[in-house]
file structure-v6.pdb (PDB, C-alpha atoms)
ATOM      1  CA  MET N  27       6.132 -11.855  47.498
ATOM      2  CA  THR N  28       3.986 -12.129  44.393
ATOM      3  CA  LYS N  29       3.956  -8.990  42.320
ATOM      4  CA  PRO N  30       0.895  -7.748  40.392
ATOM      5  CA  MET N  31       0.280  -9.167  36.947
ATOM      6  CA  ILE N  32       0.375  -7.009  33.842
ATOM      7  CA  ARG N  33      -0.711  -7.635  30.258
ATOM      8  CA  ILE N  34       1.191  -6.594  27.147
ATOM      9  CA  HIS N  35      -0.468  -6.888  23.747
ATOM     10  CA  ASN N  36       1.948  -6.499  20.836
ATOM     11  CA  THR N  37      -0.269  -5.360  17.976
ATOM     12  CA  GLU N  38       2.401  -6.103  15.383
ATOM     13  CA  THR N  39       2.586  -9.807  16.231
ATOM     14  CA  ASP N  40      -0.791 -10.007  18.032
ATOM     15  CA  GLU N  41       1.057 -11.727  20.867
ATOM     16  CA  VAL N  42      -0.421 -11.278  24.347
ATOM     17  CA  ILE N  43       1.861 -11.753  27.348
ATOM     18  CA  ASP N  44       0.617 -11.913  30.920
ATOM     19  CA  ARG N  45       3.431 -11.717  33.444
ATOM     20  CA  GLU N  46       4.368 -10.421  36.847
ATOM     21  CA  MET N  47       5.761  -6.933  37.137
ATOM     22  CA  THR N  48       9.500  -6.637  37.149
ATOM     23  CA  ALA N  49      11.160  -5.111  40.200
ATOM     24  CA  ALA N  50      11.492  -1.772  38.421
ATOM     25  CA  GLU N  51       7.851  -1.800  37.327
ATOM     26  CA  PHE N  52       6.752  -2.739  40.811
ATOM     27  CA  LYS N  53       8.687   0.171  42.282
ATOM     28  CA  ILE N  54       6.837   2.593  39.970
ATOM     29  CA  TYR N  55       3.558   0.859  40.773
ATOM     30  CA  GLU N  56       4.099   1.268  44.509
ATOM     31  CA  ALA N  57       5.060   4.922  44.099
ATOM     32  CA  ASP N  58       1.931   5.495  42.043
ATOM     33  CA  LYS N  59      -0.207   3.841  44.702
ATOM     34  CA  ALA N  60       1.282   6.144  47.319
ATOM     35  CA  VAL N  61       0.378   9.163  45.181
ATOM     36  CA  GLN N  62      -3.148   7.842  44.769
ATOM     37  CA  ILE N  63      -3.545   7.475  48.533
ATOM     38  CA  ILE N  64      -2.422  11.079  49.028
ATOM     39  CA  GLU N  65      -4.750  12.325  46.272
ATOM     40  CA  LYS N  66      -7.638  10.395  47.738
ATOM     41  CA  ALA N  67      -6.965  11.821  51.187
ATOM     42  CA  GLU N  68      -6.806  15.335  49.749
ATOM     43  CA  THR N  69     -10.049  14.806  47.886
ATOM     44  CA  GLU N  70     -11.765  13.522  50.988
ATOM     45  CA  ALA N  71     -10.390  16.398  53.065
ATOM     46  CA  LYS N  72     -11.752  18.889  50.541
ATOM     47  CA  ALA N  73     -15.144  17.206  50.586
ATOM     48  CA  THR N  74     -15.182  17.254  54.375
ATOM     49  CA  ALA N  75     -14.181  20.929  54.477
ATOM     50  CA  LYS N  76     -16.877  21.764  51.936
ATOM     51  CA  ALA N  77     -19.507  19.895  53.936
ATOM     52  CA  SER N  78     -18.385  21.657  57.078
ATOM     53  CA  ILE N  79     -18.736  25.093  55.475
ATOM     54  CA  LEU N  80     -22.151  24.253  54.087
ATOM     55  CA  ASP N  81     -23.182  23.000  57.504
ATOM     56  CA  ARG N  82     -22.103  26.236  59.145
ATOM     57  CA  LEU N  83     -24.032  28.186  56.506
ATOM     58  CA  GLY N  84     -27.029  25.965  56.932
ATOM     59  CA  LEU N  85     -27.106  25.082  53.230
ATOM     60  CA  THR N  86     -27.303  21.822  51.364
ATOM     61  CA  ALA N  87     -25.118  21.153  48.352
ATOM     62  CA  ASP N  88     -28.163  21.442  46.090
ATOM     63  CA  GLU N  89     -29.074  24.803  47.611
ATOM     64  CA  LEU N  90     -25.536  26.021  47.005
ATOM     65  CA  LYS N  91     -25.787  24.928  43.384
ATOM     66  CA  THR N  92     -29.013  26.881  43.059
ATOM     67  CA  ILE N  93     -27.354  29.998  44.459
ATOM     68  CA  LEU N  94     -24.322  29.672  42.211
ATOM     69  CA  GLY N  95     -26.338  28.575  39.198
TER
ATOM     70  CA  MET M  28      -8.985  28.429 -55.416
ATOM     71  CA  ALA M  29     -11.712  29.116 -52.849
ATOM     72  CA  THR M  30     -11.534  27.546 -49.381
ATOM     73  CA  THR M  31     -14.094  26.807 -46.686
ATOM     74  CA  THR M  32     -14.331  29.120 -43.668
ATOM     75  CA  ASN M  33     -13.517  26.769 -40.800
ATOM     76  CA  TYR M  34     -11.256  24.053 -42.126
ATOM     77  CA  GLY M  35      -9.851  25.653 -45.262
ATOM     78  CA  TRP M  36     -10.942  22.878 -47.554
ATOM     79  CA  THR M  37     -10.336  23.699 -51.214
ATOM     80  CA  THR M  38     -13.448  24.099 -53.334
ATOM     81  CA  PRO M  39     -13.859  25.003 -57.035
ATOM     82  CA  ASP M  40     -14.097  28.636 -57.947
ATOM     83  CA  ASP M  41     -17.324  29.804 -59.590
ATOM     84  CA  THR M  42     -15.360  30.135 -62.816
ATOM     85  CA  ALA M  43     -13.802  26.711 -62.683
ATOM     86  CA  LEU M  44     -14.413  24.449 -65.610
ATOM     87  CA  VAL M  45     -16.925  21.660 -65.268
ATOM     88  CA  LYS M  46     -14.424  19.221 -66.646
ATOM     89  CA  ASP M  47     -12.329  19.724 -63.552
ATOM     90  CA  GLY M  48     -15.302  18.847 -61.245
ATOM     91  CA  ALA M  49     -14.265  15.260 -60.509
ATOM     92  CA  ALA M  50     -10.781  16.311 -59.391
ATOM     93  CA  ALA M  51     -12.199  19.138 -57.284
ATOM     94  CA  ILE M  52     -14.667  16.810 -55.540
ATOM     95  CA  ARG M  53     -11.887  14.290 -54.946
ATOM     96  CA  THR M  54      -9.658  16.999 -53.442
ATOM     97  CA  LEU M  55     -12.497  18.258 -51.249
ATOM     98  CA  GLY M  56     -13.466  14.749 -50.133
ATOM     99  CA  SER M  57      -9.892  13.934 -49.268
ATOM    100  CA  SER M  58      -9.631  17.087 -47.159
ATOM    101  CA  VAL M  59     -12.911  16.301 -45.371
ATOM    102  CA  ASP M  60     -11.703  12.770 -44.713
ATOM    103  CA  THR M  61      -8.381  13.987 -43.276
ATOM    104  CA  THR M  62     -10.036  16.588 -41.057
ATOM    105  CA  THR M  63     -12.721  14.197 -39.850
ATOM    106  CA  LYS M  64     -10.119  11.676 -38.875
ATOM    107  CA  ALA M  65      -8.078  14.330 -37.077
ATOM    108  CA  LEU M  66     -11.174  15.277 -35.080
ATOM    109  CA  ASN M  67     -12.122  11.678 -34.314
ATOM    110  CA  PRO M  68      -8.959   9.784 -33.428
ATOM    111  CA  GLU M  69     -10.750   7.160 -31.328
ATOM    112  CA  THR M  70     -10.121   3.635 -32.471
ATOM    113  CA  THR M  71     -11.379   1.433 -29.662
ATOM    114  CA  LEU M  72     -14.467   1.036 -27.524
ATOM    115  CA  GLY M  73     -14.356   3.522 -24.655
ATOM    116  CA  ASP M  74     -11.742   5.808 -26.209
ATOM    117  CA  LEU M  75     -12.018   9.524 -25.562
ATOM    118  CA  ALA M  76     -10.634  12.457 -27.556
ATOM    119  CA  TYR M  77      -9.414  15.813 -26.372
ATOM    120  CA  ARG M  78      -8.058  18.880 -28.119
ATOM    121  CA  SER M  79      -4.373  18.723 -28.875
ATOM    122  CA  SER M  80      -1.993  21.669 -28.987
ATOM    123  CA  SER M  81      -2.777  22.010 -32.709
ATOM    124  CA  ALA M  82      -6.040  23.455 -33.917
ATOM    125  CA  ASN M  83      -8.518  20.998 -35.418
ATOM    126  CA  VAL M  84      -6.561  18.008 -34.210
ATOM    127  CA  LYS M  85      -7.657  15.903 -31.289
ATOM    128  CA  THR M  86      -5.631  13.403 -29.341
ATOM    129  CA  ARG M  87      -6.875   9.938 -28.597
ATOM    130  CA  LEU M  88      -7.090   8.861 -24.954
ATOM    131  CA  GLY M  89      -7.506   5.127 -24.683
ATOM    132  CA  ILE M  90      -9.938   3.786 -22.124
ATOM    133  CA  GLY M  91      -8.439   3.423 -18.639
ATOM    134  CA  SER M  92      -8.367   0.366 -16.436
ATOM    135  CA  THR M  93     -11.317  -0.713 -14.328
ATOM    136  CA  GLY M  94     -11.698   1.591 -11.344
ATOM    137  CA  ASN M  95      -9.570   4.343 -12.849
ATOM    138  CA  ILE M  96     -10.682   7.927 -12.627
ATOM    139  CA  LEU M  97     -10.152  10.736 -15.127
ATOM    140  CA  THR M  98      -7.696  13.278 -13.824
ATOM    141  CA  VAL M  99      -5.253  15.839 -15.221
ATOM    142  CA  ALA M 100      -1.501  15.533 -15.545
ATOM    143  CA  GLY M 101       0.722  17.933 -17.463
ATOM    144  CA  GLY M 102      -2.266  19.919 -18.600
ATOM    145  CA  VAL M 103      -4.042  17.059 -20.333
ATOM    146  CA  PRO M 104      -6.570  14.496 -19.176
ATOM    147  CA  THR M 105      -5.356  11.077 -18.175
ATOM    148  CA  TRP M 106      -6.666   7.996 -16.463
ATOM    149  CA  ALA M 107      -5.279   7.162 -13.014
ATOM    150  CA  ALA M 108      -6.001   4.918 -10.076
ATOM    151  CA  PRO M 109      -7.882   6.824  -7.376
ATOM    152  CA  ALA M 110      -5.883   7.905  -4.365
ATOM    153  CA  GLY M 111      -6.593   6.026  -1.175
ATOM    154  CA  GLY M 112      -9.491   7.605   0.653
ATOM    155  CA  GLY M 113      -9.944   8.253   4.326
ATOM    156  CA  GLY M 114     -11.302   5.689   6.675
ATOM    157  CA  MET M 115     -10.706   3.713   9.809
ATOM    158  CA  THR M 116      -8.861   0.443  10.149
ATOM    159  CA  LEU M 117      -9.144  -1.715  13.235
ATOM    160  CA  LEU M 118      -5.559  -2.256  14.384
ATOM    161  CA  SER M 119      -6.118  -4.247  17.549
ATOM    162  CA  THR M 120      -8.640  -5.643  19.985
ATOM    163  CA  THR M 121      -7.333  -6.082  23.523
ATOM    164  CA  THR M 122      -8.973  -7.461  26.644
ATOM    165  CA  LEU M 123      -8.018  -5.510  29.739
ATOM    166  CA  SER M 124      -6.281  -7.548  32.431
ATOM    167  CA  GLY M 125      -3.840  -7.114  35.294
ATOM    168  CA  ALA M 126      -2.648  -3.989  37.059
ATOM    169  CA  THR M 127      -1.810  -2.456  33.694
ATOM    170  CA  THR M 128      -2.578  -3.437  30.135
ATOM    171  CA  THR M 129      -0.145  -2.230  27.503
ATOM    172  CA  VAL M 130      -0.988  -2.086  23.821
ATOM    173  CA  SER M 131       2.377  -1.884  22.087
ATOM    174  CA  SER M 132       3.896  -1.621  18.598
ATOM    175  CA  ILE M 133       1.001   0.467  17.313
ATOM    176  CA  ASP M 134       1.181   0.836  13.534
ATOM    177  CA  GLY M 135       2.493   4.330  12.815
ATOM    178  CA  THR M 136       1.310   4.633   9.223
ATOM    179  CA  TYR M 137      -1.981   6.367   9.972
ATOM    180  CA  ASN M 138      -2.741  10.031  10.594
ATOM    181  CA  ASN M 139      -4.683   9.702  13.818
ATOM    182  CA  LEU M 140      -5.698   7.091  16.357
ATOM    183  CA  GLN M 141      -9.106   6.392  17.744
ATOM    184  CA  VAL M 142      -9.257   4.310  20.919
ATOM    185  CA  ILE M 143     -12.538   2.939  22.205
ATOM    186  CA  MET M 144     -12.725   1.439  25.696
ATOM    187  CA  PHE M 145     -15.842  -0.210  27.003
ATOM    188  CA  GLY M 146     -17.026  -2.611  29.670
ATOM    189  CA  MET M 147     -14.220  -1.708  32.074
ATOM    190  CA  THR M 148     -14.340  -3.097  35.610
ATOM    191  CA  ASN M 149     -11.625  -3.597  38.198
ATOM    192  CA  ALA M 150     -11.013  -5.775  41.165
ATOM    193  CA  THR M 151     -10.866  -3.859  44.377
ATOM    194  CA  ALA M 152     -12.141  -0.286  44.489
ATOM    195  CA  ASN M 153     -13.481   2.597  42.453
ATOM    196  CA  GLY M 154     -10.713   4.598  40.859
ATOM    197  CA  LYS M 155      -9.559   6.845  38.078
ATOM    198  CA  LEU M 156      -9.301   5.347  34.652
ATOM    199  CA  ARG M 157      -5.916   6.339  33.243
ATOM    200  CA  ILE M 158      -4.134   6.102  29.916
ATOM    201  CA  ALA M 159      -0.368   6.644  29.655
ATOM    202  CA  PRO M 160       0.942   7.398  26.138
ATOM    203  CA  ASN M 161       4.211   5.506  25.631
ATOM    204  CA  GLY M 162       3.874   4.516  29.288
ATOM    205  CA  SER M 163       4.887   8.015  30.289
ATOM    206  CA  THR M 164       3.463   9.492  33.466
ATOM    207  CA  THR M 165       4.572  13.052  32.810
ATOM    208  CA  ILE M 166       3.456  14.188  29.381
ATOM    209  CA  SER M 167      -0.306  14.725  29.398
ATOM    210  CA  SER M 168      -1.960  18.071  30.001
ATOM    211  CA  GLN M 169      -5.672  18.505  29.742
ATOM    212  CA  VAL M 170      -8.879  20.296  30.557
ATOM    213  CA  ARG M 171     -11.567  17.954  31.773
ATOM    214  CA  MET M 172     -15.020  18.062  33.187
ATOM    215  CA  ASP M 173     -17.918  15.985  34.373
ATOM    216  CA  ASN M 174     -21.310  16.955  35.701
ATOM    217  CA  THR M 175     -20.061  17.665  39.207
ATOM    218  CA  THR M 176     -16.607  19.078  38.610
ATOM    219  CA  ALA M 177     -15.967  22.604  37.407
ATOM    220  CA  ILE M 178     -13.931  22.867  34.260
ATOM    221  CA  GLY M 179     -10.267  23.398  34.915
ATOM    222  CA  THR M 180      -6.823  22.817  33.551
ATOM    223  CA  THR M 181      -4.888  20.040  35.136
ATOM    224  CA  ILE M 182      -1.503  18.651  34.335
ATOM    225  CA  ASP M 183      -1.912  14.975  34.960
ATOM    226  CA  ASN M 184       0.343  12.041  34.976
ATOM    227  CA  TYR M 185      -2.030  10.368  32.566
ATOM    228  CA  ILE M 186      -4.819  11.048  30.149
ATOM    229  CA  ILE M 187      -7.815  10.909  32.471
ATOM    230  CA  PRO M 188     -11.098  10.987  30.640
ATOM    231  CA  TYR M 189     -13.187  12.561  33.349
ATOM    232  CA  GLY M 190     -13.292  14.868  36.353
ATOM    233  CA  ASN M 191     -10.647  14.854  38.986
ATOM    234  CA  LEU M 192     -13.015  13.931  41.782
ATOM    235  CA  SER M 193     -14.814  11.216  39.887
ATOM    236  CA  ASN M 194     -14.091   7.570  40.038
ATOM    237  CA  SER M 195     -15.032   4.796  37.726
ATOM    238  CA  ASP M 196     -17.313   2.319  39.462
ATOM    239  CA  ARG M 197     -15.325  -0.855  39.756
ATOM    240  CA  THR M 198     -18.314  -3.122  39.176
ATOM    241  CA  THR M 199     -20.282  -1.210  36.581
ATOM    242  CA  ALA M 200     -19.534  -2.317  33.060
ATOM    243  CA  ASP M 201     -21.713   0.156  31.185
ATOM    244  CA  GLN M 202     -18.970   2.712  30.699
ATOM    245  CA  ILE M 203     -17.455   3.771  27.420
ATOM    246  CA  ILE M 204     -14.607   6.122  26.641
ATOM    247  CA  VAL M 205     -13.517   7.315  23.214
ATOM    248  CA  LEU M 206     -10.013   8.748  22.889
ATOM    249  CA  ASN M 207      -8.809  10.487  19.743
ATOM    250  CA  ILE M 208      -5.110  11.273  19.338
ATOM    251  CA  ILE M 209      -4.306  13.591  16.460
ATOM    252  CA  GLY M 210      -0.958  13.230  14.711
ATOM    253  CA  TYR M 211       0.063  10.380  17.003
ATOM    254  CA  SER M 212       2.922   9.161  14.833
ATOM    255  CA  ASN M 213       4.532  12.442  13.844
ATOM    256  CA  THR M 214       7.931  13.262  15.258
ATOM    257  CA  ASN M 215       7.844  17.016  14.733
ATOM    258  CA  PHE M 216       5.156  18.372  17.016
ATOM    259  CA  GLN M 217       3.084  17.582  20.068
ATOM    260  CA  LYS M 218      -0.156  15.661  19.822
ATOM    261  CA  GLY M 219      -3.673  16.844  20.505
ATOM    262  CA  PHE M 220      -6.199  14.560  22.086
ATOM    263  CA  SER M 221      -9.815  14.491  23.161
ATOM    264  CA  THR M 222     -11.844  12.029  25.147
ATOM    265  CA  PHE M 223     -15.554  11.720  25.640
ATOM    266  CA  GLY M 224     -18.060   9.154  26.729
ATOM    267  CA  ARG M 225     -19.958   7.894  29.710
ATOM    268  CA  VAL M 226     -18.548   6.980  33.067
ATOM    269  CA  ASN M 227     -20.356   5.594  36.034
ATOM    270  CA  ASP M 228     -19.375   6.076  39.640
ATOM    271  CA  GLY M 229     -22.725   4.773  40.818
ATOM    272  CA  THR M 230     -24.571   7.174  38.569
ATOM    273  CA  GLY M 231     -23.781   7.350  34.892
ATOM    274  CA  TYR M 232     -22.916  10.733  33.445
ATOM    275  CA  PRO M 233     -21.194  12.223  30.422
ATOM    276  CA  CYS M 234     -17.600  13.314  30.548
ATOM    277  CA  PHE M 235     -14.911  14.815  28.382
ATOM    278  CA  SER M 236     -11.350  16.000  28.410
ATOM    279  CA  ASN M 237      -9.252  17.817  25.849
ATOM    280  CA  GLY M 238      -5.558  18.450  25.874
ATOM    281  CA  TYR M 239      -2.211  17.633  24.438
ATOM    282  CA  ILE M 240       0.540  15.082  24.821
ATOM    283  CA  SER M 241       3.756  16.910  25.368
ATOM    284  CA  THR M 242       6.175  14.907  23.280
ATOM    285  CA  SER M 243       7.486  15.097  19.739
ATOM    286  CA  SER M 244       8.102  11.352  19.741
ATOM    287  CA  ALA M 245       5.668   9.066  17.983
ATOM    288  CA  ILE M 246       3.116   7.385  20.231
ATOM    289  CA  THR M 247       3.742   3.670  19.783
ATOM    290  CA  SER M 248       2.096   2.285  22.900
ATOM    291  CA  LEU M 249      -0.694   3.038  25.331
ATOM    292  CA  VAL M 250      -0.817   1.786  28.903
ATOM    293  CA  PHE M 251      -4.247   1.427  30.493
ATOM    294  CA  SER M 252      -4.725   1.286  34.234
ATOM    295  CA  ASN M 253      -7.277   2.027  36.906
ATOM    296  CA  ALA M 254      -6.178   3.565  40.171
ATOM    297  CA  GLY M 255      -8.762   1.442  41.950
ATOM    298  CA  GLY M 256      -7.184  -1.913  41.200
ATOM    299  CA  ASP M 257      -6.493  -4.586  38.628
ATOM    300  CA  TRP M 258      -8.638  -4.849  35.537
ATOM    301  CA  THR M 259     -11.157  -7.644  35.653
ATOM    302  CA  ALA M 260     -12.882  -6.913  32.354
ATOM    303  CA  GLY M 261     -13.031  -4.460  29.525
ATOM    304  CA  THR M 262     -12.114  -4.165  25.880
ATOM    305  CA  VAL M 263      -9.887  -1.723  24.028
ATOM    306  CA  LEU M 264     -10.290  -1.242  20.295
ATOM    307  CA  ILE M 265      -7.638   0.797  18.491
ATOM    308  CA  TYR M 266      -8.340   2.163  15.045
ATOM    309  CA  GLY M 267      -5.915   3.812  12.660
ATOM    310  CA  VAL M 268      -7.530   6.780  10.937
ATOM    311  CA  LYS M 269      -6.399   8.116   7.555
TER
END

call {"tool": "encode", "arguments": {"input": "structure-v6.pdb", "output": "structure tokens"}}
result
Amino acid sequence: MTKPMIRIHNTETDEVIDREMTAAEFKIYEADKAVQIIEKAETEAKATAKASILDRLGLTADELKTILG
Amino acid sequence: MATTTNYGWTTPDDTALVKDGAAAIRTLGSSVDTTTKALNPETTLGDLAYRSSSANVKTRLGIGSTGNILTVAGGVPTWAAPAGGGGMTLLSTTTLSGATTTVSSIDGTYNNLQVIMFGMTNATANGKLRIAPNGSTTISSQVRMDNTTAIGTTIDNYIIPYGNLSNSDRTTADQIIVLNIIGYSNTNFQKGFSTFGRVNDGTGYPCFSNGYISTSSAITSLVFSNAGGDWTAGTVLIYGVK
């Protein structure tokens, strides 16, 4: 399986290397992606919960901002 | 013999004989000549003179070299080359590419770093723009805010230049982020940082974050990534700041 490419720019030599991730880098990359999926799900759940509360209150997000403002 | 008030030159007394006039004038002239020379030691174009430790004697200060400035050393004036002033030096220009782009071997001889990112887009989805000092995912702590997210303290895996809920639009290139890292190369204390700029998640808005990098190691590399996918464009300029 092809792993994602990464770029490394050594500013001392000005050498730019484009290469595939190593196995260790790919493991970190995959773990990071898993965290991002969880964070995204949490963010979406919060947004849904917020919308649900506003709906029950009969308020729009802008009206809530006005009240809190 | 009478003497003058300021320099003590010898002059004839009122009762002195006229026949001694020539010798008296010669003595007085010689004294005036000696004093005048002591007060005007300059010999060359551009020379300056300043008071020496002895009264009525000045010291010659020869003209300095081109670009020199007059300063003080050991209690007397002297010419010296001016100290290097502040300023910014462009250390690197990097085009963002791949899942991560690492800028490594950053010159550690400056006081601070200024990083400017612009024109960033990525391949697959909107996502957080992230910067990892020394590639570390555990050392950044910051307060950040955008126009929709309340201010709050967040310990992040990365330096994230805008609100937690906000994503960088993957296709919109009109974003710019400025990151300042203070004391990036010191090995004695943690580093402060600030970011500011404009992000665009469909609508452009200002953003900022302030915080610290929790390491006493020098920052020698920065790893740029976007949680939304591989970089497809974007430029990173890194300046060393004195």

call {"tool": "resolve_selection", "arguments": {"input": "structure-v6.pdb", "expression": "the ChimeraX specification (/N :<8) & /M", "output": "MDAnalysis selection string"}}
result
chainID M and resid 118:119 121 123:134 192 254

call {"tool": "write_last_selection", "arguments": {"input": "structure-v6.pdb", "atoms": "C-alpha atoms", "output": "PDB file, in the coordinates of the input"}}
result
ATOM      1  CA  LEU M 118      -5.559  -2.256  14.384  1.00  0.00           C
ATOM      2  CA  SER M 119      -6.118  -4.247  17.549  1.00  0.00           C
ATOM      3  CA  THR M 121      -7.333  -6.082  23.523  1.00  0.00           C
ATOM      4  CA  LEU M 123      -8.018  -5.510  29.739  1.00  0.00           C
ATOM      5  CA  SER M 124      -6.281  -7.548  32.431  1.00  0.00           C
ATOM      6  CA  GLY M 125      -3.840  -7.114  35.294  1.00  0.00           C
ATOM      7  CA  ALA M 126      -2.648  -3.989  37.059  1.00  0.00           C
ATOM      8  CA  THR M 127      -1.810  -2.456  33.694  1.00  0.00           C
ATOM      9  CA  THR M 128      -2.578  -3.437  30.135  1.00  0.00           C
ATOM     10  CA  THR M 129      -0.145  -2.230  27.503  1.00  0.00           C
ATOM     11  CA  VAL M 130      -0.988  -2.086  23.821  1.00  0.00           C
ATOM     12  CA  SER M 131       2.377  -1.884  22.087  1.00  0.00           C
ATOM     13  CA  SER M 132       3.896  -1.621  18.598  1.00  0.00           C
ATOM     14  CA  ILE M 133       1.001   0.467  17.313  1.00  0.00           C
ATOM     15  CA  ASP M 134       1.181   0.836  13.534  1.00  0.00           C
ATOM     16  CA  LEU M 192     -13.015  13.931  41.782  1.00  0.00           C
ATOM     17  CA  ALA M 254      -6.178   3.565  40.171  1.00  0.00           C
TER      18      ALA M 254
END

call {"tool": "residues_around", "arguments": {"input": "structure-v6.pdb", "residues": "Thr93 of chain M", "least_positions_apart": "4", "cutoff": "12 Å", "atoms": "only C-alpha atoms", "output": "list in words"}}
result
Gly73, Leu97, Trp106, Ala107, Ala108 and Pro109 of chain M

call {"tool": "residues_around", "arguments": {"input": "structure-v6.pdb", "residues": "Val59 of chain M", "least_positions_apart": "3", "cutoff": "10 Å", "atoms": "only C-alpha atoms", "output": "list of chain:residue names"}}
result
M:Tyr34, M:Gly35, M:Trp36, M:Thr37, M:Arg53, M:Thr54, M:Leu55, M:Gly56, M:Thr62, M:Thr63, M:Lys64, M:Ala65

call {"tool": "atom_distance", "arguments": {"input": "structure-v6.pdb", "atom1": "atom CA of Lys155 of chain M", "atom2": "atom CA of Ser195 of chain M"}}
result
5.9 Å

call {"tool": "atom_distance", "arguments": {"input": "structure-v6.pdb", "atom1": "atom CA of Leu249 of chain M", "atom2": "atom CA of Ile265 of chain M"}}
result
10.0 Å

call {"tool": "residues_around", "arguments": {"input": "structure-v6.pdb", "residues": "Thr38 of chain M", "least_positions_apart": "4", "cutoff": "7 Å", "atoms": "all atoms listed in the file", "output": "list of chain:residue names"}}
result
M:Met28, M:Ala29, M:Thr30, M:Ala51, M:Leu55

call {"tool": "closest_residue", "arguments": {"input": "structure-v6.pdb", "among": "M:Thr222, M:Asn67, M:Asn149, M:Asn213", "to": "Ala245 of chain M", "atoms": "all atoms listed in the file"}}
result
M:Asn213

call {"tool": "atom_distance", "arguments": {"input": "structure-v6.pdb", "atom1": "atom CA of Thr230 of chain M", "atom2": "atom CA of Asp196 of chain M"}}
result
8.8 Å

call {"tool": "closest_residue", "arguments": {"input": "structure-v6.pdb", "among": "M:Ser212, M:Thr148, M:Gln169, M:Asn95", "to": "Phe235 of chain M", "atoms": "only C-alpha atoms"}}
result
M:Gln169

call {"tool": "closest_residue", "arguments": {"input": "structure-v6.pdb", "among": "M:Arg197, M:Pro233, M:Thr247, M:Asn33", "to": "Thr214 of chain M", "atoms": "only C-alpha atoms"}}
result
M:Thr247

call {"tool": "resolve_selection", "arguments": {"input": "structure-v6.pdb", "expression": "the PyMOL selection byres ((chain M and resi 138) around 10)", "output": "ChimeraX atom specification"}}
result
/M:113,135-137,139-140,208-213,267-269
